[in-house]
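Structure file model_0.txt with compact mmCIF, C-alpha atoms:
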# COMPACT_ATOMS: atom_id res chain seq x y z
CA MET A 1 2.00 30.29 -0.63
CA THR A 2 3.75 29.26 -3.79
CA ILE A 3 2.32 27.26 -6.65
CA TYR A 4 4.14 24.18 -5.28
CA SER A 5 2.41 24.37 -1.91
CA ILE A 6 -1.00 24.78 -3.59
CA ILE A 7 -0.27 21.68 -5.68
CA PHE A 8 0.82 19.81 -2.54
CA TYR A 9 -2.36 20.63 -0.61
CA LEU A 10 -4.57 19.73 -3.59
CA LEU A 11 -2.77 16.41 -3.96
CA ALA A 12 -2.96 15.73 -0.23
CA VAL A 13 -6.73 16.31 -0.20
CA LEU A 14 -7.12 14.15 -3.31
CA ILE A 15 -5.08 11.29 -1.82
CA LEU A 16 -6.82 11.39 1.56
CA VAL A 17 -10.35 11.59 0.12
CA THR A 18 -9.88 8.80 -2.41
CA THR A 19 -8.20 6.56 0.18
CA ALA A 20 -10.99 7.21 2.68
CA LEU A 21 -13.55 6.35 0.00
CA ALA A 22 -11.58 3.21 -0.87
CA VAL A 23 -11.41 1.83 2.66
CA THR A 24 -15.12 2.38 3.30
CA ARG A 25 -16.61 0.90 0.11
CA ARG A 26 -18.44 -2.39 0.50
CA ASP A 27 -18.01 -3.23 -3.17
CA LEU A 28 -14.43 -4.44 -3.65
CA VAL A 29 -14.25 -3.28 -7.28
CA HIS A 30 -15.14 0.27 -6.25
CA ALA A 31 -12.52 0.13 -3.49
CA VAL A 32 -9.80 -0.95 -5.92
CA ILE A 33 -10.73 1.75 -8.47
CA TYR A 34 -10.67 4.49 -5.80
CA LEU A 35 -7.29 3.23 -4.64
CA ILE A 36 -5.96 3.56 -8.19
CA PHE A 37 -6.90 7.25 -8.03
CA SER A 38 -5.09 7.50 -4.70
CA PHE A 39 -1.93 5.97 -6.18
CA PHE A 40 -2.06 8.37 -9.12
CA GLY A 41 -2.13 11.20 -6.58
CA SER A 42 0.88 9.67 -4.81
CA ALA A 43 2.71 9.44 -8.13
CA MET A 44 2.15 13.16 -8.75
CA LEU A 45 3.33 13.84 -5.19
CA PHE A 46 6.55 11.94 -5.93
CA TYR A 47 7.02 14.05 -9.04
CA LEU A 48 6.51 17.20 -6.98
CA PHE A 49 9.12 15.94 -4.51
CA GLY A 50 11.65 15.55 -7.29
CA ALA A 51 11.52 11.82 -7.95
CA PRO A 52 10.32 11.44 -11.56
CA LEU A 53 11.55 7.85 -11.88
CA LEU A 54 9.66 6.81 -8.75
CA ALA A 55 6.55 8.63 -10.00
CA VAL A 56 6.63 6.59 -13.20
CA LEU A 57 7.31 3.38 -11.26
CA GLU A 58 4.41 4.15 -8.91
CA VAL A 59 2.04 4.39 -11.87
CA ILE A 60 3.45 1.30 -13.56
CA ILE A 61 3.85 -0.99 -10.53
CA TYR A 62 1.21 0.17 -8.04
CA ALA A 63 -1.59 1.59 -10.18
CA GLY A 64 -0.82 -0.68 -13.08
CA ALA A 65 0.35 -4.10 -12.00
CA ILE A 66 -0.71 -4.47 -8.37
CA MET A 67 -4.18 -2.97 -8.64
CA VAL A 68 -4.94 -4.85 -11.86
CA LEU A 69 -3.90 -8.04 -10.05
CA PHE A 70 -6.37 -7.14 -7.28
CA LEU A 71 -9.09 -6.52 -9.89
CA PHE A 72 -8.43 -9.91 -11.49
CA ILE A 73 -8.71 -11.70 -8.15
CA VAL A 74 -11.88 -9.78 -7.18
CA MET A 75 -13.46 -10.78 -10.48
CA MET A 76 -12.19 -14.37 -10.26
CA LEU A 77 -13.56 -15.13 -6.79
CA ARG A 78 -17.29 -15.01 -6.30
CA ILE A 79 -17.56 -12.86 -3.18
CA GLY A 80 -20.95 -12.13 -1.76
CA LYS A 81 -21.50 -8.83 -0.01
CA SER A 82 -21.40 -9.40 3.72
CA ALA A 83 -24.41 -8.24 5.67
CA VAL A 84 -22.34 -7.78 8.83
CA ARG A 85 -21.69 -4.23 10.00
CA LEU A 86 -18.35 -2.90 8.90
CA PHE A 87 -17.49 -2.19 12.50
CA PRO A 88 -19.25 -4.00 15.36
CA LEU A 89 -20.37 -1.61 18.06
CA SER A 90 -18.93 -3.71 20.89
CA GLN A 91 -15.39 -3.16 19.53
CA TRP A 92 -15.86 0.57 19.02
CA LEU A 93 -14.65 1.89 22.38
CA PRO A 94 -11.32 0.01 22.67
CA ALA A 95 -10.51 0.73 19.02
CA ALA A 96 -11.25 4.44 19.46
CA VAL A 97 -9.16 4.66 22.65
CA GLY A 98 -6.21 2.85 21.09
CA GLY A 99 -6.41 4.92 17.94
CA LEU A 100 -6.60 8.21 19.83
CA ILE A 101 -3.57 7.29 21.94
CA TYR A 102 -1.57 6.55 18.80
CA ILE A 103 -2.73 9.82 17.18
CA ALA A 104 -1.69 11.77 20.30
CA ILE A 105 1.74 10.09 20.35
CA GLY A 106 2.18 10.77 16.64
CA ILE A 107 1.31 14.47 17.02
CA GLY A 108 3.72 14.71 19.95
CA LEU A 109 6.49 13.06 17.94
CA ILE A 110 5.96 15.41 14.99
CA ALA A 111 5.92 18.45 17.28
CA ALA A 112 9.08 17.32 19.09
CA ASP A 113 11.06 16.71 15.90
CA PRO A 114 13.43 19.68 15.40
CA ASN A 115 13.67 19.01 11.66
CA SER A 116 9.94 19.03 11.05
CA HIS A 117 9.64 22.80 10.58
CA ILE A 118 12.23 23.01 7.82
CA VAL A 119 10.53 24.07 4.61
CA LEU A 120 11.21 21.68 1.75
CA LYS A 121 13.04 23.14 -1.24
CA THR A 122 12.35 21.96 -4.74
CA ALA A 123 14.98 19.69 -6.21
CA ARG A 124 15.02 16.99 -8.81
CA ALA A 125 16.86 13.70 -9.05
CA ASP A 126 17.34 12.88 -12.72
CA PRO A 127 16.48 9.27 -13.55
CA ALA A 128 19.95 8.76 -15.01
CA VAL A 129 21.64 10.07 -11.85
CA PHE A 130 19.32 8.01 -9.66
CA GLY A 131 19.92 4.86 -11.67
CA ARG A 132 23.69 5.30 -11.55
CA TYR A 133 23.51 5.96 -7.79
CA ILE A 134 21.38 2.91 -7.08
CA PHE A 135 23.63 0.59 -9.08
CA GLU A 136 26.82 2.02 -7.58
CA LYS A 137 25.77 2.11 -3.92
CA HIS A 138 23.05 -0.54 -3.64
CA TRP A 139 23.98 -3.17 -6.23
CA LEU A 140 23.92 -5.98 -3.65
CA SER A 141 20.39 -5.04 -2.54
CA ILE A 142 19.27 -5.05 -6.18
CA GLU A 143 20.58 -8.59 -6.56
CA ILE A 144 18.89 -9.69 -3.33
CA VAL A 145 15.59 -8.18 -4.48
CA SER A 146 15.85 -9.96 -7.81
CA VAL A 147 16.36 -13.26 -5.96
CA LEU A 148 13.36 -12.39 -3.78
CA LEU A 149 11.19 -11.85 -6.87
CA LEU A 150 12.37 -15.18 -8.29
CA VAL A 151 11.49 -16.95 -5.02
CA ALA A 152 8.07 -15.27 -5.08
CA VAL A 153 7.42 -16.49 -8.63
CA ILE A 154 8.33 -20.06 -7.67
CA GLY A 155 6.24 -19.88 -4.49
CA VAL A 156 3.19 -18.55 -6.32
CA LEU A 157 3.50 -21.27 -8.96
CA LEU A 158 3.63 -23.92 -6.23
CA LEU A 159 0.63 -22.39 -4.42
CA ALA A 160 -1.46 -22.09 -7.57
CA ARG A 161 -0.82 -25.68 -8.65
CA ARG A 162 -3.81 -27.90 -8.05
CA SER A 163 -2.74 -30.57 -5.61
CA PRO A 164 -3.42 -34.16 -6.74
CA ARG A 165 -5.42 -34.88 -3.56
CA HIS A 166 -7.93 -32.17 -4.41
CA PRO A 167 -8.88 -32.58 -8.07
CA ALA A 168 -11.12 -30.01 -9.72
CA GLY A 169 -14.39 -31.77 -9.04
CA GLN A 170 -13.88 -31.99 -5.28
CA THR A 171 -12.97 -28.40 -4.57
CA ILE A 172 -15.70 -26.01 -3.65
CA GLU A 173 -15.41 -24.03 -6.83
CA GLY A 174 -14.64 -26.59 -9.50
CA GLU A 175 -13.74 -24.05 -12.12
CA LEU A 176 -11.05 -22.38 -10.08
CA MET B 1 9.71 26.20 -1.33
CA ILE B 2 7.01 23.55 -1.10
CA VAL B 3 5.69 23.04 2.44
CA PRO B 4 7.13 22.46 5.91
CA PHE B 5 8.20 18.88 6.40
CA TYR B 6 5.66 18.22 9.12
CA HIS B 7 2.80 18.62 6.65
CA VAL B 8 4.23 15.66 4.77
CA LEU B 9 4.51 13.77 8.06
CA ILE B 10 0.85 14.49 8.87
CA LEU B 11 -0.29 13.41 5.40
CA ALA B 12 1.65 10.15 5.61
CA GLY B 13 0.46 9.56 9.17
CA LEU B 14 -3.18 9.96 8.18
CA LEU B 15 -2.68 7.63 5.22
CA PHE B 16 -1.01 5.06 7.46
CA LEU B 17 -3.89 5.34 9.93
CA MET B 18 -6.40 4.74 7.14
CA GLY B 19 -4.43 1.71 5.99
CA ILE B 20 -4.24 0.22 9.45
CA SER B 21 -7.96 0.83 10.10
CA CYS B 22 -8.79 -0.76 6.75
CA MET B 23 -6.69 -3.76 7.74
CA VAL B 24 -8.28 -4.11 11.19
CA VAL B 25 -11.90 -3.23 10.43
CA ARG B 26 -12.68 -4.89 7.11
CA ARG B 27 -13.74 -8.55 7.13
CA SER B 28 -12.24 -9.57 3.85
CA LEU B 29 -8.79 -10.92 3.09
CA ILE B 30 -8.58 -8.78 -0.05
CA MET B 31 -9.30 -5.58 1.90
CA ILE B 32 -6.65 -6.59 4.46
CA LEU B 33 -4.06 -6.81 1.67
CA LEU B 34 -5.26 -3.44 0.32
CA GLY B 35 -4.68 -1.98 3.79
CA VAL B 36 -1.09 -3.23 3.71
CA GLU B 37 -0.65 -1.57 0.31
CA ILE B 38 -1.95 1.76 1.66
CA MET B 39 0.48 1.55 4.58
CA LEU B 40 3.43 0.81 2.29
CA ASN B 41 2.40 3.77 0.13
CA ALA B 42 2.36 6.07 3.17
CA ALA B 43 5.84 4.87 4.08
CA SER B 44 7.03 5.60 0.53
CA ILE B 45 5.62 9.15 0.65
CA ILE B 46 7.47 9.87 3.89
CA LEU B 47 10.72 8.41 2.53
CA VAL B 48 10.59 10.51 -0.64
CA GLY B 49 9.82 13.61 1.45
CA ALA B 50 12.76 12.88 3.77
CA SER B 51 14.97 12.30 0.75
CA LEU B 52 14.05 15.80 -0.44
CA LEU B 53 14.55 17.27 3.04
CA TRP B 54 18.12 16.00 3.41
CA GLN B 55 18.95 16.11 -0.31
CA ASN B 56 20.00 12.48 -0.11
CA LEU B 57 19.12 9.83 -2.68
CA ASP B 58 19.05 6.97 -0.18
CA GLY B 59 15.39 7.61 0.62
CA GLN B 60 14.41 7.21 -3.00
CA ALA B 61 16.49 4.04 -3.23
CA ILE B 62 14.59 2.54 -0.29
CA VAL B 63 11.29 3.42 -1.98
CA MET B 64 12.38 1.46 -5.01
CA PHE B 65 12.98 -1.59 -2.80
CA ILE B 66 9.57 -0.98 -1.18
CA PHE B 67 8.01 -1.26 -4.64
CA ALA B 68 9.69 -4.62 -5.18
CA ILE B 69 8.63 -5.86 -1.73
CA ALA B 70 5.05 -4.69 -2.32
CA ALA B 71 4.85 -6.50 -5.65
CA THR B 72 6.21 -9.69 -4.07
CA GLU B 73 3.91 -9.46 -1.08
CA VAL B 74 0.82 -8.88 -3.20
CA SER B 75 1.52 -11.73 -5.58
CA VAL B 76 2.19 -14.23 -2.79
CA GLY B 77 -0.71 -12.89 -0.69
CA LEU B 78 -3.22 -13.09 -3.52
CA ALA B 79 -2.04 -16.61 -4.39
CA LEU B 80 -2.59 -17.58 -0.74
CA ILE B 81 -6.07 -16.00 -0.84
CA VAL B 82 -6.99 -18.00 -3.94
CA TRP B 83 -5.60 -21.14 -2.29
CA ALA B 84 -7.68 -20.52 0.86
CA TYR B 85 -10.76 -19.75 -1.24
CA ARG B 86 -10.44 -23.10 -2.99
CA ARG B 87 -10.42 -24.89 0.35
CA THR B 88 -13.19 -23.00 2.18
CA GLY B 89 -15.16 -21.09 -0.47
CA SER B 90 -14.86 -17.83 1.44
CA VAL B 91 -12.52 -14.89 1.86
CA ASP B 92 -13.83 -14.01 5.33
CA PRO B 93 -10.99 -14.52 7.84
CA GLY B 94 -13.59 -15.62 10.39
CA ASP B 95 -14.29 -18.73 8.33
CA PHE B 96 -10.78 -20.11 8.68
CA ASN B 97 -11.44 -21.86 11.98
CA ILE B 98 -10.58 -25.51 11.34
CA LEU B 99 -8.06 -25.48 14.18
CA LYS B 100 -10.64 -24.21 16.68
Starting from the file, lay out its structure as structure tokens.
Amino acid sequence: MTIYSIIFYLLAVLILVTTALAVTRRDLVHAVIYLIFSFFGSAMLFYLFGAPLLAVLEVIIYAGAIMVLFLFIVMMLRIGKSAVRLFPLSQWLPAAVGGLIYIAIGIGLIAADPNSHIVLKTARADPAVFGRYIFEKHWLSIEIVSVLLLVAVIGVLLLARRSPRHPAGQTIEGEL
Amino acid sequence: MIVPFYHVLILAGLLFLMGISCMVVRRSLIMILLGVEIMLNAASIILVGASLLWQNLDGQAIVMFIFAIAATEVSVGLALIVWAYRRTGSVDPGDFNILK
């Protein structure tokens, strides 16, 4: 049991607990805040696995940009708390059976994988090396992703534009 | 020496399961999108772990593209949620039943 494995197990428990708390909260703001903690744990896990650039990007993009976007939307929409049960009892049995089958198949797959018992060794990919690698080997994918982001920006602008047939006074929430 | 690879697989599998249950169980469009985020995060963890296992940078490169896809998906998804909320005044997927 090295210091690295202790850190890994601590991070795993942290990630699993905060994610479980996040998916069970009724209050959406609490769920988003717990998920930020989970993503911080994932970022530290990336650092432990030797990906410092991805750890930084996880904090900046996931915990920073994406979750703040979620927070803005949760605060912008007026969402009442639903009184319905989180999980209707009539759906419980089929969901449990399906989930258990998938868990059993997953355990079988992990046990059958010959590579799964190899112990990971610590290594580190320097951000400079990683950046050079990604622009030498995957430059076309980078360009495609940049086009994808541009298309997303244009699509979001079109979606967010108020259509002339539904002026502000006629929508359900006039101020939106 | 960190841990055997299958511990990483189990961690990512549990995270993925939580994401998919969040997506299926919760009756809110925002929680459904959060479930997709959790699943993408589980996939990223497994890719970084595999990249360390085989000492190959391709796994980390794919994770970088996953980040870009996740950002795109969230921005478009949240814009769609706001658009749907303007029309129906609700984020409950059960309320979108005009076609019924």
Legend entry - Test item: chain A residues at most 6 Å from chain B, counting all atoms listed in the file, as a list of chain:residue names: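 Here they are: A:Tyr4, A:Ser5, A:Val23, A:Ser116, A:His117, A:Ile118, A:Val119, A:Leu120, A:Lys121, A:Ala152, A:Val156, A:Ile172.
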Inset, instruction - State, in Å with one decimal place, the distance from atom CA of A:Val56 to atom CA of A:Phe37. - result: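 Answer for the atom CA of A:Val56 to atom CA of A:Phe37 separation: 14.5 Å.
Atom CA of B:Leu40 is positioned 12.6 Å from atom CA of A:Ile66.
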Inset, instruction - Have a look at atom CA of A:Leu45 and atom CA of A:Tyr133 and let me know their distance in Å, one decimal. - result: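 So the answer is 21.8 Å.
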Provide an axis-aligned box for all listed atoms of stretch 65-76 of chain A, padding each side by 5 Å; report its centre and its edge lengths in Å to one decimal, as JSON.
{"center_x": -6.6, "center_y": -8.7, "center_z": -9.6, "size_x": 23.8, "size_y": 21.4, "size_z": 14.8}
Neighbourhood query: residues within 6 Å of (14.2, 8.3, -11.6), file coordinates, counting only C-alpha atoms; return as a PDB file with C-alpha atoms, in the coordinates of the input.
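Just written: part-v8.pdb:
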ATOM      1  CA  ALA A  51      11.520  11.820  -7.950  1.00  0.00           C
ATOM      2  CA  PRO A  52      10.320  11.440 -11.560  1.00  0.00           C
ATOM      3  CA  LEU A  53      11.550   7.850 -11.880  1.00  0.00           C
ATOM      4  CA  LEU A  54       9.660   6.810  -8.750  1.00  0.00           C
ATOM      5  CA  ASP A 126      17.340  12.880 -12.720  1.00  0.00           C
ATOM      6  CA  PRO A 127      16.480   9.270 -13.550  1.00  0.00           C
ATOM      7  CA  PHE A 130      19.320   8.010  -9.660  1.00  0.00           C
TER       8      PHE A 130
END
Legend entry - For stretch 13-18 of chain A: contacts at 7 Å, all atoms listed in the file, fewer than 5 positions along chain excluded, given as a PyMOL selection string: (chain A and resi 34-35+37-38+41-42) or (chain B and resi 15)
Legend entry - Among listed residues A:Leu89, A:Ala112, A:Leu77, A:Val32, nearest A:Gly64 (using only C-alpha atoms):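 Looking only at the distances to A:Gly64, the closest residue turns out to be A:Val32.
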